[in-house]
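Printed here is protein.pdb (PDB, C-alpha atoms):
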```pdb
ATOM      1  CA  MET S  15      -7.180  -7.342   8.649
ATOM      2  CA  ASP S  16     -10.220  -5.158   8.804
ATOM      3  CA  TRP S  17     -11.241  -2.686   6.113
ATOM      4  CA  LEU S  18     -10.067   0.354   8.069
ATOM      5  CA  GLU S  19      -6.501  -0.975   8.285
ATOM      6  CA  ALA S  20      -6.558  -1.751   4.548
ATOM      7  CA  LEU S  21      -7.929   1.703   3.771
ATOM      8  CA  LEU S  22      -5.248   3.413   5.853
ATOM      9  CA  LEU S  23      -2.486   1.464   4.130
ATOM     10  CA  GLY S  24      -3.976   2.278   0.723
ATOM     11  CA  VAL S  25      -4.058   5.984   1.550
ATOM     12  CA  VAL S  26      -0.474   5.881   2.829
ATOM     13  CA  GLN S  27       0.619   4.085  -0.349
ATOM     14  CA  GLY S  28      -1.123   6.618  -2.565
ATOM     15  CA  LEU S  29       0.220   9.655  -0.741
ATOM     16  CA  THR S  30       3.808   8.465  -0.458
ATOM     17  CA  GLU S  31       4.271   6.784  -3.845
ATOM     18  CA  PHE S  32       5.422   9.926  -5.617
ATOM     19  CA  LEU S  33       7.647  11.221  -2.852
ATOM     20  CA  PRO S  34      11.375  10.591  -3.185
ATOM     21  CA  ILE S  35      11.206   8.140  -0.282
ATOM     22  CA  SER S  36      10.197   4.501  -0.183
ATOM     23  CA  SER S  37       6.455   3.910  -0.152
ATOM     24  CA  SER S  38       7.252   0.265   0.598
ATOM     25  CA  GLY S  39       8.958   1.425   3.767
ATOM     26  CA  HIS S  40       5.776   3.128   4.846
ATOM     27  CA  LEU S  41       3.894  -0.122   4.291
ATOM     28  CA  ILE S  42       6.228  -1.640   6.866
ATOM     29  CA  LEU S  43       6.314   1.268   9.331
ATOM     30  CA  VAL S  44       2.580   1.998   9.526
ATOM     31  CA  PRO S  45       1.547  -1.556  10.519
ATOM     32  CA  TRP S  46       4.417  -1.646  13.020
ATOM     33  CA  ALA S  47       3.411   1.703  14.548
ATOM     34  CA  GLN S  48      -0.282   0.750  14.639
ATOM     35  CA  ASP S  49       0.506  -2.784  15.895
ATOM     36  CA  TYR S  50      -1.323  -4.637  13.108
ATOM     37  CA  THR S  51      -0.719  -8.186  14.298
ATOM     38  CA  PHE S  52      -2.608  -9.736  11.382
ATOM     39  CA  LEU S  53       0.147  -8.821   8.919
ATOM     40  CA  ARG S  54       2.868 -10.205  11.192
ATOM     41  CA  GLU S  55       0.983 -13.452  11.699
ATOM     42  CA  ASN S  56       0.240 -13.902   7.964
ATOM     43  CA  PRO S  57       3.403 -13.062   5.988
ATOM     44  CA  ASP S  58       2.048 -14.523   2.731
ATOM     45  CA  PHE S  59      -1.009 -12.276   2.900
ATOM     46  CA  HIS S  60       1.237  -9.329   3.744
ATOM     47  CA  LYS S  61       3.267  -9.841   0.563
ATOM     48  CA  THR S  62       0.139 -10.285  -1.543
ATOM     49  CA  PHE S  63      -1.435  -7.176  -0.040
ATOM     50  CA  ASP S  64       1.691  -5.103  -0.749
ATOM     51  CA  VAL S  65       1.705  -6.273  -4.371
ATOM     52  CA  ALA S  66      -1.997  -5.402  -4.683
ATOM     53  CA  LEU S  67      -1.346  -1.887  -3.346
ATOM     54  CA  HIS S  68       1.522  -1.392  -5.795
ATOM     55  CA  PHE S  69      -0.643  -2.700  -8.638
ATOM     56  CA  GLY S  70      -3.298  -0.144  -7.702
ATOM     57  CA  THR S  71      -0.685   2.594  -7.921
ATOM     58  CA  LEU S  72       0.431   1.325 -11.329
ATOM     59  CA  LEU S  73      -3.164   1.253 -12.524
ATOM     60  CA  GLY S  74      -3.664   4.831 -11.333
ATOM     61  CA  VAL S  75      -0.575   6.011 -13.200
ATOM     62  CA  VAL S  76      -1.630   4.224 -16.396
ATOM     63  CA  VAL S  77      -5.122   5.752 -16.228
ATOM     64  CA  TYR S  78      -3.721   9.223 -15.544
ATOM     65  CA  PHE S  79      -1.222   9.039 -18.434
ATOM     66  CA  ARG S  80      -3.433   6.996 -20.795
ATOM     67  CA  GLY S  81      -3.413   9.687 -23.461
ATOM     68  CA  GLU S  82       0.361   9.924 -23.499
ATOM     69  CA  LEU S  83       0.779   6.148 -23.392
ATOM     70  CA  LEU S  84      -1.490   5.644 -26.397
TER      71      LEU S  84
END
```

Entire entry expressed as structure tokens:
Amino acid sequence: MDWLEALLLGVVQGLTEFLPISSSGHLILVPWAQDYTFLRENPDFHKTFDVALHFGTLLGVVVYFRGELL
């Protein structure tokens, strides 16, 4: 996976996380539509990458609401 593919998936995750639709679904549809063969050929990396994207979203939410959480 090159950095541009990772960046695109990160942007898609960030933009769709707060919509009332599945951001995980977009992480499946975008690679399929763009024909990212690396993710198909490496399912363990795909799962790890998805978890990392979701962790980034969680970290962003915690930073944004840090005052309220404390």

The PyMOL selection byres ((chain S and resi 26-32) around 9) applied to the shown file, residues as a count of residues only: 18

Atom pair CA of Ile42 (chain S) / CA of Leu72 (chain S): separation (Å):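 Those two atoms sit 19.3 Å apart.
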
Written as a JSON list (two decimals) with C-alpha atoms, in the coordinates of the input, which residues does the PyMOL selection byres ((chain S and resi 60) around 12) give for the file shown?
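In the end it all went to part_1.json:
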```
[["chain", "number", "residue", "atom", "x", "y", "z"],
["S", 15, "MET", "CA", -7.18, -7.34, 8.65],
["S", 20, "ALA", "CA", -6.56, -1.75, 4.55],
["S", 23, "LEU", "CA", -2.49, 1.46, 4.13],
["S", 38, "SER", "CA", 7.25, 0.26, 0.60],
["S", 41, "LEU", "CA", 3.89, -0.12, 4.29],
["S", 42, "ILE", "CA", 6.23, -1.64, 6.87],
["S", 45, "PRO", "CA", 1.55, -1.56, 10.52],
["S", 50, "TYR", "CA", -1.32, -4.64, 13.11],
["S", 51, "THR", "CA", -0.72, -8.19, 14.30],
["S", 52, "PHE", "CA", -2.61, -9.74, 11.38],
["S", 53, "LEU", "CA", 0.15, -8.82, 8.92],
["S", 54, "ARG", "CA", 2.87, -10.20, 11.19],
["S", 55, "GLU", "CA", 0.98, -13.45, 11.70],
["S", 56, "ASN", "CA", 0.24, -13.90, 7.96],
["S", 57, "PRO", "CA", 3.40, -13.06, 5.99],
["S", 58, "ASP", "CA", 2.05, -14.52, 2.73],
["S", 59, "PHE", "CA", -1.01, -12.28, 2.90],
["S", 61, "LYS", "CA", 3.27, -9.84, 0.56],
["S", 62, "THR", "CA", 0.14, -10.28, -1.54],
["S", 63, "PHE", "CA", -1.44, -7.18, -0.04],
["S", 64, "ASP", "CA", 1.69, -5.10, -0.75],
["S", 65, "VAL", "CA", 1.70, -6.27, -4.37],
["S", 66, "ALA", "CA", -2.00, -5.40, -4.68],
["S", 67, "LEU", "CA", -1.35, -1.89, -3.35]]
```

One-decimal distance in Å that lies between CA of Leu43 (chain S) and CA of Val76 (chain S):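 We find that CA of Val76 (chain S) and CA of Leu43 (chain S) lie 27.1 Å from each other.
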
Find the axis-aligned box for region 30-47 of chain S, covering all its listed atoms and adding 6 Å on each side, and write its centre and edge lengths in Å to one decimal as JSON.
```
{"center_x": 6.5, "center_y": 4.8, "center_z": 4.5, "size_x": 21.8, "size_y": 24.9, "size_z": 32.2}
```

Atom pair CA of Leu18 (chain S) / CA of Phe79 (chain S): separation (Å):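 CA of Leu18 (chain S) sits 29.3 Å away from CA of Phe79 (chain S).
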